[in-house]
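Asker: Questions regarding the structure given below will be posed in turn.
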Amino acid sequence: MKGERVSTEPNEQEQDDQATPLVGVQFQAGGKIYSFSPGEEEDLQPNDFVIVETAWGQQIGQVIYVQQAAVEKQRKDIKPIIRRATGSDLALHQYWQDKAESALEKARELAEQRSLPVKFAAAEYTFDGKRLTIFCESESKEGLMDIQRKLGRSLRTRVELRQVGPRDRAKLLGGYGACGEPRCCVRFLSDFSPVSIRMAKAQGISLTPSEITGMCGRLRCCLVYEHKMYVEASKDLPKRKTQVRTPHGTGKVVDLLPLKGTVIVQIEDRRVELAPEEIQVLPKKS
């Protein structure tokens, strides 16, 4: 009809056509989540186990999420899930896990015989058993190729020794943190954020190495979690070592309590906790 307004907005059916299910699959607890299309498995649910094709061969993984996602060009390369894992698949997966543990012990023995400073973390077979990957931490590659060749001949499979950093090794080993809970890197950290000593200082945490380092020997990842909050809470507080005038006399700021919004001022032989409005910052002496 003349003058009739034609809508350029996609209708509900068109929007549905522009969306495709995306399945997040994880191969290790706390590991990176990879995206797959559901393939012919249309009723997948979180916690289901599935068989997928990866760059290292077929693997069994666990579904973490199933969600609708807009179709994007880069998603054309996403591989489909081969099928849902059966009870037999899970039993076979456990079989290869046990074999991987034996292979890991063999690798440790070979390294010990050669006095190689290698720290082994974990080993895993592909679902079809055609490939074995052993994760280790080592400062050099010297001797690793020899161990790899000997293991390959002994186990009659393709073996790869993959070097990882101290944080990744701790993640693979698992265990508990100083808080008494399973380590963050094992539970949910798929990527490691940079951590600096300044974060510990901003939070007033003891800088004793045993207090701020994890099993990996690096600064604890949890120092990142509250850093922004402490920085935000501290921005209106005077810095440490600042000379200030207070109702109790002139002194020096020796500590900050960001979450309380107060500072500790050293006035002669005593320390006083004060709010920012109770102090006046004195100009620096030239």
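FYI, nothing fancy with the structure tokens labels: chains A, B, ... in order, residues from 1 per chain, ligands from 1 as they appear.
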Could you name the residues that touch Leu92 in chain A at 10 Å or less, counting only C-alpha atoms, but leaving out those on the same chain fewer than 6 positions away, as a list in words?
Answerer: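 The neighbour list is Thr86, Asp98, Phe127, Asp128 and Gly129 of chain A.
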Asker: Pick out the residues sitting within 9 Å of Gly31 in chain A, and hand them over as number ranges by chain; count only C-alpha atoms, and ignore anything fewer than 2 positions along from it in its own chain.
Answerer: A: 26-29, 33, 171, 185-191
Asker: Would you mind exporting C-alpha atoms of the selected residues as a PDB file, in the first residue's frame?
Answerer:
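Output contents, as saved in selection.pdb:
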ATOM      1  CA  GLN A  26      36.658 -27.674  29.265  1.00  0.00           C
ATOM      2  CA  PHE A  27      39.279 -30.443  29.301  1.00  0.00           C
ATOM      3  CA  GLN A  28      40.821 -29.811  32.719  1.00  0.00           C
ATOM      4  CA  ALA A  29      39.410 -28.380  35.936  1.00  0.00           C
ATOM      5  CA  ILE A  33      37.087 -23.154  27.919  1.00  0.00           C
ATOM      6  CA  LYS A 171      47.761 -25.284  38.339  1.00  0.00           C
ATOM      7  CA  CYS A 185      44.270 -21.445  39.497  1.00  0.00           C
ATOM      8  CA  VAL A 186      42.769 -24.937  39.759  1.00  0.00           C
ATOM      9  CA  ARG A 187      39.177 -23.865  40.311  1.00  0.00           C
ATOM     10  CA  PHE A 188      38.543 -21.051  37.874  1.00  0.00           C
ATOM     11  CA  LEU A 189      41.591 -19.151  36.582  1.00  0.00           C
ATOM     12  CA  SER A 190      42.043 -19.923  32.899  1.00  0.00           C
ATOM     13  CA  ASP A 191      44.489 -17.040  32.375  1.00  0.00           C
TER      14      ASP A 191
END
Asker: I want to know what sits within 12 Å of range 262-277 of chain A, based on only C-alpha atoms, with residues of the same chain fewer than 6 positions away left out; could you give that as a list in words?
Answerer: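 Skipping anything fewer than 6 positions along the chain leaves Gly204, Ala233, Ser234, Lys235, Asp236, Leu237, Pro238, Lys239, Arg240, Lys241, Thr242, Gln243, Val244, Arg245, Thr246, Pro247, His248, Gly249, Thr250, Gly251, Lys252, Val253, Val254, Asp255 and Leu256 of chain A.
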Asker: Dump C-alpha atoms for the selected residues as a PDB file, in the first residue's frame?
Answerer:
ATOM      1  CA  GLY A 204      48.973  -3.348  53.587  1.00  0.00           C
ATOM      2  CA  ALA A 233      39.522   3.650  48.520  1.00  0.00           C
ATOM      3  CA  SER A 234      43.019   5.127  48.971  1.00  0.00           C
ATOM      4  CA  LYS A 235      42.849   7.899  46.370  1.00  0.00           C
ATOM      5  CA  ASP A 236      41.499  10.481  48.874  1.00  0.00           C
ATOM      6  CA  LEU A 237      43.922   9.496  51.631  1.00  0.00           C
ATOM      7  CA  PRO A 238      47.356  11.113  52.113  1.00  0.00           C
ATOM      8  CA  LYS A 239      50.340   8.943  51.226  1.00  0.00           C
ATOM      9  CA  ARG A 240      52.562   7.274  53.769  1.00  0.00           C
ATOM     10  CA  LYS A 241      55.399   9.443  55.165  1.00  0.00           C
ATOM     11  CA  THR A 242      53.341  12.592  54.530  1.00  0.00           C
ATOM     12  CA  GLN A 243      53.720  15.269  57.245  1.00  0.00           C
ATOM     13  CA  VAL A 244      50.311  16.351  58.592  1.00  0.00           C
ATOM     14  CA  ARG A 245      48.793  18.626  61.221  1.00  0.00           C
ATOM     15  CA  THR A 246      46.106  17.097  63.460  1.00  0.00           C
ATOM     16  CA  PRO A 247      44.083  18.111  66.540  1.00  0.00           C
ATOM     17  CA  HIS A 248      46.605  16.057  68.506  1.00  0.00           C
ATOM     18  CA  GLY A 249      49.684  17.738  67.087  1.00  0.00           C
ATOM     19  CA  THR A 250      51.949  17.472  64.055  1.00  0.00           C
ATOM     20  CA  GLY A 251      52.997  14.030  62.895  1.00  0.00           C
ATOM     21  CA  LYS A 252      53.669  11.691  59.995  1.00  0.00           C
ATOM     22  CA  VAL A 253      51.324   9.269  58.226  1.00  0.00           C
ATOM     23  CA  VAL A 254      52.692   5.774  58.853  1.00  0.00           C
ATOM     24  CA  ASP A 255      49.851   3.582  57.623  1.00  0.00           C
ATOM     25  CA  LEU A 256      46.604   3.631  55.657  1.00  0.00           C
TER      26      LEU A 256
END
Asker: Out of A:Cys184, A:Leu173, A:Cys179, A:Ala107, which residue has the shortest atom-to-atom distance to Leu161 in chain A when counting only C-alpha atoms?
Answerer: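 So, comparing all the options, the nearest one is A:Ala107.
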Asker: Work out how far apart CA of Leu259 in chain A and CA of Met229 in chain A are and give it in Å to one decimal.
Answerer: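 Distance reported for this atom pair: 8.7 Å.
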Asker: What are the DSSP helix (DSSP H, G or I) residues of range 99-252 of chain A, as a ChimeraX atom specification?
Answerer: /A:99-113,144-155,166-173,184-187,197-202,209-212,221-224,227-234
Asker: Include C-alpha atoms and write out the residues we just selected as a PDB file, in the first residue's frame.
Answerer:
ATOM      1  CA  LYS A  99      48.367 -45.076  31.780  1.00  0.00           C
ATOM      2  CA  ALA A 100      49.398 -41.411  31.788  1.00  0.00           C
ATOM      3  CA  GLU A 101      50.284 -41.606  35.488  1.00  0.00           C
ATOM      4  CA  SER A 102      52.528 -44.600  34.792  1.00  0.00           C
ATOM      5  CA  ALA A 103      54.177 -42.740  31.914  1.00  0.00           C
ATOM      6  CA  LEU A 104      54.778 -39.750  34.192  1.00  0.00           C
ATOM      7  CA  GLU A 105      56.611 -41.955  36.702  1.00  0.00           C
ATOM      8  CA  LYS A 106      58.720 -43.392  33.884  1.00  0.00           C
ATOM      9  CA  ALA A 107      59.633 -39.863  32.755  1.00  0.00           C
ATOM     10  CA  ARG A 108      60.691 -38.938  36.304  1.00  0.00           C
ATOM     11  CA  GLU A 109      62.907 -42.032  36.480  1.00  0.00           C
ATOM     12  CA  LEU A 110      64.616 -41.176  33.179  1.00  0.00           C
ATOM     13  CA  ALA A 111      65.246 -37.594  34.315  1.00  0.00           C
ATOM     14  CA  GLU A 112      66.641 -38.791  37.647  1.00  0.00           C
ATOM     15  CA  GLN A 113      69.000 -41.226  35.925  1.00  0.00           C
ATOM     16  CA  LEU A 144      64.402 -33.501  27.190  1.00  0.00           C
ATOM     17  CA  MET A 145      64.514 -34.739  23.601  1.00  0.00           C
ATOM     18  CA  ASP A 146      66.336 -37.891  24.739  1.00  0.00           C
ATOM     19  CA  ILE A 147      63.645 -38.569  27.360  1.00  0.00           C
ATOM     20  CA  GLN A 148      60.959 -37.929  24.749  1.00  0.00           C
ATOM     21  CA  ARG A 149      62.506 -40.431  22.303  1.00  0.00           C
ATOM     22  CA  LYS A 150      62.983 -43.125  24.936  1.00  0.00           C
ATOM     23  CA  LEU A 151      59.418 -42.757  26.188  1.00  0.00           C
ATOM     24  CA  GLY A 152      58.073 -42.907  22.637  1.00  0.00           C
ATOM     25  CA  ARG A 153      59.908 -46.169  21.936  1.00  0.00           C
ATOM     26  CA  SER A 154      58.965 -47.669  25.299  1.00  0.00           C
ATOM     27  CA  LEU A 155      55.267 -46.710  25.167  1.00  0.00           C
ATOM     28  CA  PRO A 166      55.776 -22.245  37.393  1.00  0.00           C
ATOM     29  CA  ARG A 167      52.207 -20.939  37.585  1.00  0.00           C
ATOM     30  CA  ASP A 168      50.955 -23.455  35.016  1.00  0.00           C
ATOM     31  CA  ARG A 169      52.794 -26.265  36.803  1.00  0.00           C
ATOM     32  CA  ALA A 170      51.129 -25.355  40.114  1.00  0.00           C
ATOM     33  CA  LYS A 171      47.761 -25.284  38.339  1.00  0.00           C
ATOM     34  CA  LEU A 172      48.310 -28.793  36.942  1.00  0.00           C
ATOM     35  CA  LEU A 173      49.449 -30.184  40.313  1.00  0.00           C
ATOM     36  CA  CYS A 184      42.197 -20.376  42.495  1.00  0.00           C
ATOM     37  CA  CYS A 185      44.270 -21.445  39.497  1.00  0.00           C
ATOM     38  CA  VAL A 186      42.769 -24.937  39.759  1.00  0.00           C
ATOM     39  CA  ARG A 187      39.177 -23.865  40.311  1.00  0.00           C
ATOM     40  CA  ILE A 197      54.627  -6.245  44.771  1.00  0.00           C
ATOM     41  CA  ARG A 198      52.915  -2.845  44.627  1.00  0.00           C
ATOM     42  CA  MET A 199      49.564  -4.630  44.935  1.00  0.00           C
ATOM     43  CA  ALA A 200      50.617  -6.155  48.259  1.00  0.00           C
ATOM     44  CA  LYS A 201      51.872  -2.774  49.489  1.00  0.00           C
ATOM     45  CA  ALA A 202      48.606  -1.068  48.503  1.00  0.00           C
ATOM     46  CA  PRO A 209      57.887 -13.998  51.038  1.00  0.00           C
ATOM     47  CA  SER A 210      56.024 -16.824  52.759  1.00  0.00           C
ATOM     48  CA  GLU A 211      53.024 -14.512  53.202  1.00  0.00           C
ATOM     49  CA  ILE A 212      52.667 -13.295  49.621  1.00  0.00           C
ATOM     50  CA  CYS A 221      47.118 -14.464  42.169  1.00  0.00           C
ATOM     51  CA  CYS A 222      44.564 -13.365  44.780  1.00  0.00           C
ATOM     52  CA  LEU A 223      46.502 -10.113  45.287  1.00  0.00           C
ATOM     53  CA  VAL A 224      44.830  -8.938  42.063  1.00  0.00           C
ATOM     54  CA  HIS A 227      43.659  -4.259  44.243  1.00  0.00           C
ATOM     55  CA  LYS A 228      41.354  -1.893  42.315  1.00  0.00           C
ATOM     56  CA  MET A 229      39.079  -1.524  45.348  1.00  0.00           C
ATOM     57  CA  TYR A 230      42.020  -0.598  47.593  1.00  0.00           C
ATOM     58  CA  VAL A 231      43.372   1.866  45.027  1.00  0.00           C
ATOM     59  CA  GLU A 232      39.940   3.509  44.731  1.00  0.00           C
ATOM     60  CA  ALA A 233      39.522   3.650  48.520  1.00  0.00           C
ATOM     61  CA  SER A 234      43.019   5.127  48.971  1.00  0.00           C
TER      62      SER A 234
END
Asker: I'd like the interatomic distance between CA of Gly180 in chain A and CA of Gly217 in chain A, to a tenth of an Å.
Answerer: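 Value for the CA of Gly180 in chain A-CA of Gly217 in chain A distance: 17.6 Å.
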Asker: I'd like the interatomic distance between CA of Pro46 in chain A and CA of Pro80 in chain A, to a tenth of an Å.
Answerer: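 For CA of Pro46 in chain A relative to CA of Pro80 in chain A, the distance reads 16.4 Å.
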Asker: What's the 8 Å shell around Glu124 in chain A, counting only C-alpha atoms, without same-chain residues fewer than 4 positions away, as an MDAnalysis selection string?
Answerer: chainID A and resid 96:97 100 132:134
Asker: Take the residues just selected and output them with N, CA and C atoms as a compact mmCIF listing (two decimals), in the first residue's frame.
Answerer:
# COMPACT_ATOMS: atom_id res chain seq x y z
N TRP A 96 43.13 -44.40 30.12
CA TRP A 96 44.24 -43.61 29.62
C TRP A 96 44.81 -42.68 30.68
N GLN A 97 43.98 -42.24 31.60
CA GLN A 97 44.49 -41.42 32.70
C GLN A 97 45.45 -42.23 33.57
N ALA A 100 48.64 -42.66 31.78
CA ALA A 100 49.40 -41.41 31.79
C ALA A 100 50.18 -41.26 33.09
N LEU A 132 50.64 -38.79 23.60
CA LEU A 132 50.84 -38.53 25.02
C LEU A 132 51.56 -37.20 25.18
N THR A 133 50.99 -36.31 25.98
CA THR A 133 51.62 -35.03 26.28
C THR A 133 52.01 -35.00 27.74
N ILE A 134 53.27 -34.66 28.02
CA ILE A 134 53.76 -34.55 29.39
C ILE A 134 54.17 -33.10 29.63
Asker: What lies within 9 Å of Ile81 in chain A using only C-alpha atoms, ignoring chain neighbours under 6 positions off, as a PyMOL selection string?
Answerer: chain A and resi 23+36-41+50-53
Asker: Got time to write the residues from that selection, C-alpha atoms, as a PDB file, in the first residue's frame?
Answerer:
ATOM      1  CA  VAL A  23      28.970 -24.923  23.539  1.00  0.00           C
ATOM      2  CA  PHE A  36      32.333 -25.798  19.753  1.00  0.00           C
ATOM      3  CA  SER A  37      29.094 -26.043  17.844  1.00  0.00           C
ATOM      4  CA  PRO A  38      26.688 -28.730  19.103  1.00  0.00           C
ATOM      5  CA  GLY A  39      26.687 -30.656  15.825  1.00  0.00           C
ATOM      6  CA  GLU A  40      23.919 -33.223  15.987  1.00  0.00           C
ATOM      7  CA  GLU A  41      23.733 -33.093  19.795  1.00  0.00           C
ATOM      8  CA  VAL A  50      31.400 -35.004  25.014  1.00  0.00           C
ATOM      9  CA  ILE A  51      33.912 -36.198  22.422  1.00  0.00           C
ATOM     10  CA  VAL A  52      35.487 -33.466  20.293  1.00  0.00           C
ATOM     11  CA  GLU A  53      38.223 -33.155  17.688  1.00  0.00           C
TER      12      GLU A  53
END
Asker: Find, counting only C-alpha atoms, the residue in A:Val159, A:Val164, A:Val25, A:Cys216 that gets nearest to Thr54 in chain A.
Answerer: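 Closest residue, counting only C-alpha atoms: A:Val25.
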Asker: Among the residues of range 28-263 of chain A, find those DSSP assigns to strand (DSSP E) from the backbone and print them as a ChimeraX atom specification.
Answerer: /A:33-36,49-54,57-70,83-84,119-125,131-137,158-163,243-246,249-257,262-263
